[in-house]
Amino acid sequence: MGSVTKTSFVTHVSANQVADFRPGSKPDAKLAPNSDAVLLKQYHPGFISVIGNEAEWTLLLSSDDSSRNPLFHNGCVYVLEKNELYVMSDLLQSTSSSKLPTILISKIAFQRDSEHPYTINEIQWMKLRPPPSMPMPAGACRYKDGILYCSQGTTIPDSGGLWYMPLGKPPIPILTSYFGKPFNSIQSVVEDPEGGLWFTDCSVGFEQEIRPKPQLPNQVYRFDPKTGDLRVVADGFTRPMGIALSPDDNTVYVTDTGAARPDGSIDPTRSATIYAFDITEKFGSSFLINRRVFAYVKEGVPTAVACDSFGNVFAACGDGVEVFSPGGMALGLIEVPGGCTSLCFGRFGEVFICAKQRLWRVGLEPIAM
């Protein structure tokens with residue numbers, strides 16, 4: 001596949017807007033899905049310490065005027081030393097009815113201004129097909145000298161797992177089954193300081209008819225590549241999806257998207273919840289304890305989650321990026337038209353926001369309070 005070069009970018013500034021949810025206040029107006037704006041909505045004064053009084057935002061890439069394919073959907077990973085962003089698409093239907101859908105990986109290389117490195121002068125965007133051994137990649141994270149991908153697999157039972165791809169080299173299998181049983185569809189992964197891999201696995205692939213009937217519950221796992229220790233560390237979820245570690249590495253956040261139906265609609269009576277767990281050591285092994293509801297999101301379901309360096313939690317939701325304090329207080333919203341499906345942090349306080357057909361960048365300027 002060829003590459004696309006873009007050199008023209010328009011940067012806008014949105015001021016913080018205080019949202020009023022008190023009795024008798026006007027209903028909160030929402031951005032139209034085809035809007036070209038990003039808004040900041042403050043629910044609590046603490047939002048200013050995270051975002052600042054205003055934020056710059058830029059629409060970096062869009063498929064709205066071309067294929068309209070959801071090319072910016074999942075697994076958002078920024079590679080600092082290469083100044084590159086990697087993003088997975090949603091399922092893209094094949095032109096042949098006899099073939100499964102596919103997922104493409106977007107490699108986005110940035111050329112920044114030497115005197116003002118926050119400024120992006122040029123983007124080179126290349127769409128890549130994942131290697132045949134690593135089908136249907138979903139989430140991903142930085143790992144060693146490359147990226148660790150969550151391969152959902154296909155209708156072939158023994159496909160899928162965690163695959164490490166050194167930059168520019170073929171993928172290497174890290175984990176492909178739970179003691180011989182195939183995973184359902186691994187969705188997200190994060191690495192702890194000891195090299196342990198925490199990941200979520202759920203039956204979304206079976207729901208989308210790209211995976212066989214599940215042989216395991218929907219669970220959260222930890223795998224230690226150095227010792228081979230593989231354990232279930234949390235269960236009882238409807239559809240565990242996103243996972244993140246707090247900056248002090250003492251808390252694991254897991255999102256449950258049980259409210260999302262396979263047809264894309266939302267069942268408001270089911271889980272759209274971020275859970276928090278404490279990490280503890282017992283007999284030389286890591287365990288999750290003190291499961292608790294951290295937050296129930298305002299719109300849609302939390303498909304991805306990430307923490308900034310201050311411990312604030314950013315969740316990809318149906319209205320954009322919902323931001324919570326480390327104590328679970330709803331601080332505010334980075335409202336994105338059509339919602340957010342994945343996100344990651346880049347350089348200089350920037351957040352890359354995936355919104356299916358669009359890729360946004362929002363610059364944060366936290367204020368000490």
# chains A, B, ... in the order shown; residues from 1 in each chain; ligands from 1
$ select_by_dssp --residues "segment 100-261 of chain A" --states "strand (DSSP E)" --output "PyMOL selection string"
chain A and resi 105-112+120-128+137-143+146-151+161-166+172-175+186-191+197-201+219-224+229-234+240-245+251-256
$ select_by_dssp --residues "segment 72-320 of chain A" --states "alpha helix (DSSP H)" --output "number ranges by chain"
A: 204-207
$ residues_around --residues "segment 274-286 of chain A" --least-positions-apart "3" --cutoff "8 Å" --atoms "only C-alpha atoms" --output "ChimeraX atom specification"
/A:249-256,289-297,302
$ atom_distance --atom1 "atom CA of Phe183 of chain A" --atom2 "atom CA of Asp158 of chain A"
8.5 Å
$ closest_residue --among "A:Phe287, A:Tyr143, A:Phe72, A:Phe47" --to "Pro193 of chain A" --atoms "only C-alpha atoms"
A:Tyr143
